[in-house]
Amino acid sequence: MIRQHLSDALTSELLALGIAVPAVVHLEQPARREHGDWSSNIAMASAKAAGRPPRELATALVDALNARLPEYVERVELAGPGFVNFHLNPGWLHQVLIDTVNAGESQFGRSTVGAGTNVMVEFVSANPTGPLHAGHARGATYGDAVARVLEWAGYSVAREFYINDRGAQMLKLGESILARIRGEEPPEGGYFGEYITEWASSLDPEIAVSGDVEAATEHGYRCALDDQRAVLAELGVVFDVWFSERSLMDTGAIEQTLADLRERSMIEDRDGAIWLLSTQYGDDKDRVLVKSDGSFTYLLPDIAYHRDKFARGFDLLINVWGADHHGYVKRMHAAISALGHRAEQLDIRITQLVKLLKNGEEVKISKRAGNIIELRDIIDEVGADSTRLVYLLQSIDSPQTVDLGVIAEQSMDNPVFYVQMAHARLCSVAAKASAQGIERIDLAQAVLEPLVHPRELEVLRVLNNFSEVVELAARERAPHKVSSWVRELASEVHGFYHDCPILRDDVPADLQQARLWLGEAARVGLRCGLNLLGASAPESM
RNA sequence: GCCCUCGUAGCUCAGUCGGAUAGAGCGACCGCCUCCUAAGCGGUAGGCCGCCGGUUCGAUUCCGGCCGAGGGCACCA
């Protein structure tokens with residue numbers, strides 16, 4: 001709001017000076033307070049087009065603005081190579097408090113940029129052959145947080161899990177279970193984890209005796225699915241749809257997909273196989289869809305699945321894949337283009353790998369040895385909130401190092417406590433005030449002018465940024481920006497808490513009221529931020 | 001060889017559309033509880049933003065080339 005307000009002021013002065021207004025008027029909050037509350041580089045940016053030196057242009061702007069000061073503006077200064085710096089009175093921040101409280105937990109920071117867009121986020125999509133491990137957690141927490149952020153930005157969002165319940169790896173599951181029952185080693189390419197023995201113990205004895213691989217596979221499949229669903233629920237990740245690859249076989253979706261592609265002349269029969277002409281859309285080589293023996297490659301059901309997503313009315317598909325799948329990005333884009341969709345309608349996000357440390361030493365994962373670190377164990381050890389925060393702390397573009405030993409200590413290496421504590425403290429003060437018979441008066445009656453302490457104003461400054469953070473996080477599919485923001489808010493809240501007493505006897509009544517309201521605004525902010533990350537906001541700790 | 005991501009403080013990482021003296025947490029060191037939760041607050045030390053060019057009034061940011069790390073390049077899934 002304040003940004004628009006200042007931007008409008010700059011725009012009208014530029015027009016009055018007869019200078020072309022750029023598409024976006026850049027305004028930022030300078031790192032150094034002496035550079036003002038807000039600063040614009042517009043004079044430097046427009047200098048070339050206007051044919052005037054930046055400082056001359058800035059001087060004209062500054063003079064004009066000072067002659068007709070916009071609301072909240074105390075003075076405007078020229079600085080450096082041509083910055084126009086706005087120094088504001090705290091009134092604009094008091095307005096932030098009012099807006100935040102009025103928006104409340106259900107609305108604060110919401111935006112409508114995504115209104116009318118139907119988006120599906122497909123994530124995790126692990127094979128149903130074992131429990132989820134520490135690596136899956138990155139995709140799970142990221143995908144869910146992206147979905148939450150998009151919802152907050154106005155998108156209509158569905159979460160979906162694609163189950164690869166077809167193919168050779170499924171039978172290996174059944175074979176592994178049967179082998180364990182017989183007391184043998186699982187076969188080459190099979191599964192070696194302890195969970196196989198566990199699942200084997202609940203297998204119907206008749207199947208064990210008959211050695212029916214398909215039946216054993218089905219049993220393992222159910223165990224895997226139940227296990228994955230349960231652990232995701234513990235993490236707070238709930239899918240709208242679990243989509244089975246097998247279901248594509250029964251509905252004619254595969255044949256329809258081939259027919260569509262053939263009609264669009266996007267496939268070709270070659271050497272007894274059916275090829276997708278994916279090079280026409282930027283792939284490195286054409287890809288086989290139906291092998292010369294008549295069976296499908298993995299790619300064909302995948303294409304049919306994405307065709308189905310569009311058929312269900314989604315405008316935008318977001319896929320969260322692990323780094324080991326980045327090589328398939330081009331061919332999937334080519335495939336949906338071949339089906340007549342725009343490549344931008346499929347947004348594939350690659351999460352870089354997670355390296356696990358335990359007390360400084362790398363934990364080597366070997367599927368064969370079966371020594372995976374299960375997601376469940378991490379949640380049991382540190383809790384769902386910490387697990388989520390740890391993974392959401394940084395960009396998915398960089399490889400992540402997680403030290404299980406350190407987060408298990410619940411030290412300040414784990415910022416979830418820091419943020420939750422800030423929330424709990426605010427709740428605690430409000431509760432204590434209430435217990436002392438001190439209630440907040442109607443906000444409209446409250447006098448906010450006493451809020452001038454730097455600690456108070458910094459809290460409000462951070463709150464003001466939230467809606468922009470949400471929009472940016474949505475646009476860039478970058479929930480870690482919300483993590484950064486909420487930590488910053490928590491930091492300011494702790495500072496405010498430390499330096500600005502509320503319930504002490506010597507606090508004047510109107511200041512006490514204003515601070516109680518400030519606490520409420522900050523609490524709303526912390527709550528909303530934590531919520532976007534999928535973490536709880538406890539009222540006491 | 002080709003493709004993707006990364007390289008910023010001792011460690012783990014932020015850094016918006018290119019801005020002014022590059023940030024946080026942890027670790028190290030020094031302070032602060034008769035006071036609403038010390039799971040907190042303040043301070044000090046610590047930087048060739050991998051290297052070299054280019055664009056620009058201005059580059060950690062954009063472009064090109066190197067160097068280094070991780071991952072991927074099937075008629076496997």
# chains A, B, ... in the order shown; residues from 1 in each chain; ligands from 1
>>> select_by_dssp(residues="range 398-449 of chain A", states="alpha helix (DSSP H)", output="list in words")
Leu404, Gly405, Val406, Ile407, Ala408, Pro415, Val416, Phe417, Tyr418, Val419, Gln420, Met421, Ala422, His423, Ala424, Arg425, Leu426, Cys427, Ser428, Val429, Ala430, Ala431, Lys432, Ala433, Ser434 and Ala435 of chain A
>>> interface_residues(of="chain B", to="chain A", cutoff="8 Å", atoms="only C-alpha atoms (C1' of nucleotides)", output="list in words")
C3, C4, U5, C6, U12, C13, A14, C17, G19, A20, G25, C26, C36, U37, A39, G40, C41, C57, G70, G71, G72, C73, C75 and A77 of chain B
>>> write_last_selection(atoms="C-alpha atoms (C1' of nucleotides)", output="short mmCIF file (atom, residue, chain, number, x, y, z; two decimals), in the first residue's frame")
data_model
loop_
_atom_site.label_atom_id
_atom_site.label_comp_id
_atom_site.auth_asym_id
_atom_site.auth_seq_id
_atom_site.Cartn_x
_atom_site.Cartn_y
_atom_site.Cartn_z
"C1'" C B 3 22.35 -31.27 -19.97
"C1'" C B 4 20.62 -29.36 -14.88
"C1'" U B 5 21.86 -27.11 -10.07
"C1'" C B 6 25.38 -24.99 -6.98
"C1'" U B 12 24.94 -24.03 7.52
"C1'" C B 13 22.70 -20.63 4.40
"C1'" A B 14 19.75 -15.73 2.86
"C1'" C B 17 13.56 -5.58 -10.71
"C1'" G B 19 22.09 0.33 -6.25
"C1'" A B 20 24.72 3.46 -1.39
"C1'" G B 25 21.91 -18.35 12.49
"C1'" C B 26 25.49 -21.54 14.59
"C1'" C B 36 5.43 -9.83 30.84
"C1'" U B 37 9.01 -17.19 29.16
"C1'" A B 39 14.23 -21.56 24.05
"C1'" G B 40 15.64 -14.37 24.96
"C1'" C B 41 18.50 -9.41 24.13
"C1'" C B 57 26.82 5.84 -14.10
"C1'" G B 70 26.75 -32.70 -6.84
"C1'" G B 71 23.24 -34.97 -10.10
"C1'" G B 72 21.63 -36.86 -14.94
"C1'" C B 73 22.31 -38.53 -19.99
"C1'" C B 75 13.34 -49.95 -26.80
"C1'" A B 77 11.19 -47.48 -13.87
#
>>> residues_around(residues="range 277-282 of chain A", least_positions_apart="4", cutoff="7 Å", atoms="only C-alpha atoms (C1' of nucleotides)", output="VMD selection string")
chain A and resid 266 to 267 286 to 287 330 to 331 334 to 335 337
>>> closest_residue(among="B:A38, B:A9, B:G18, B:G47", to="C62 in chain B", atoms="only C-alpha atoms (C1' of nucleotides)")
B:G18
>>> atom_distance(atom1="CA of Ser39 in chain A", atom2="CA of Val149 in chain A")
28.4 Å
>>> closest_residue(among="A:Asp144, A:Glu362, A:Asp63, A:Asp510", to="Val320 in chain A", atoms="only C-alpha atoms")
A:Asp144
>>> residues_around(residues="Pro186 in chain A", least_positions_apart="6", cutoff="8 Å", atoms="only C-alpha atoms (C1' of nucleotides)", output="list in words")
Glu175, Ser176, Ile177, Ala179, Arg180 and Phe192 of chain A
>>> select_by_dssp(residues="range 139-299 of chain A", states="strand (DSSP E)", output="ChimeraX atom specification")
/A:156-163,241-244,267-270,273-276,287-290
>>> residues_around(residues="G43 in chain B", least_positions_apart="4", cutoff="12 Å", atoms="only C-alpha atoms (C1' of nucleotides)", output="PyMOL selection string")
chain B and resi 29-32
>>> write_last_selection(atoms="N, CA and C atoms (P, O5', C5', C4', C3', O3' and C1' of nucleotides)", output="PDB file, in the first residue's frame")
ATOM      1  P     C B  29      34.749 -19.162  23.776  1.00  0.00           P
ATOM      2  O5'   C B  29      34.997 -17.593  23.831  1.00  0.00           O
ATOM      3  C5'   C B  29      36.318 -17.082  23.767  1.00  0.00           C
ATOM      4  C4'   C B  29      36.288 -15.580  23.628  1.00  0.00           C
ATOM      5  C3'   C B  29      35.412 -14.846  24.638  1.00  0.00           C
ATOM      6  O3'   C B  29      36.025 -14.709  25.910  1.00  0.00           O
ATOM      7  C1'   C B  29      34.993 -13.987  22.486  1.00  0.00           C
ATOM      8  P     C B  30      35.106 -14.714  27.232  1.00  0.00           P
ATOM      9  O5'   C B  30      34.464 -13.259  27.193  1.00  0.00           O
ATOM     10  C5'   C B  30      35.296 -12.120  27.120  1.00  0.00           C
ATOM     11  C4'   C B  30      34.468 -10.870  27.065  1.00  0.00           C
ATOM     12  C3'   C B  30      33.284 -10.824  28.021  1.00  0.00           C
ATOM     13  O3'   C B  30      33.673 -10.546  29.352  1.00  0.00           O
ATOM     14  C1'   C B  30      32.594 -10.063  25.901  1.00  0.00           C
ATOM     15  P     G B  31      32.617 -10.769  30.539  1.00  0.00           P
ATOM     16  O5'   G B  31      31.659  -9.526  30.301  1.00  0.00           O
ATOM     17  C5'   G B  31      30.377  -9.547  30.876  1.00  0.00           C
ATOM     18  C4'   G B  31      29.575  -8.412  30.309  1.00  0.00           C
ATOM     19  C3'   G B  31      28.118  -8.441  30.730  1.00  0.00           C
ATOM     20  O3'   G B  31      27.959  -7.845  32.005  1.00  0.00           O
ATOM     21  C1'   G B  31      28.213  -8.243  28.403  1.00  0.00           C
ATOM     22  P     C B  32      27.145  -8.658  33.097  1.00  0.00           P
ATOM     23  O5'   C B  32      25.644  -8.437  32.623  1.00  0.00           O
ATOM     24  C5'   C B  32      25.175  -7.124  32.342  1.00  0.00           C
ATOM     25  C4'   C B  32      23.785  -7.162  31.775  1.00  0.00           C
ATOM     26  C3'   C B  32      22.794  -8.043  32.525  1.00  0.00           C
ATOM     27  O3'   C B  32      22.321  -7.398  33.693  1.00  0.00           O
ATOM     28  C1'   C B  32      22.558  -8.379  30.199  1.00  0.00           C
TER      29        C B  32
END
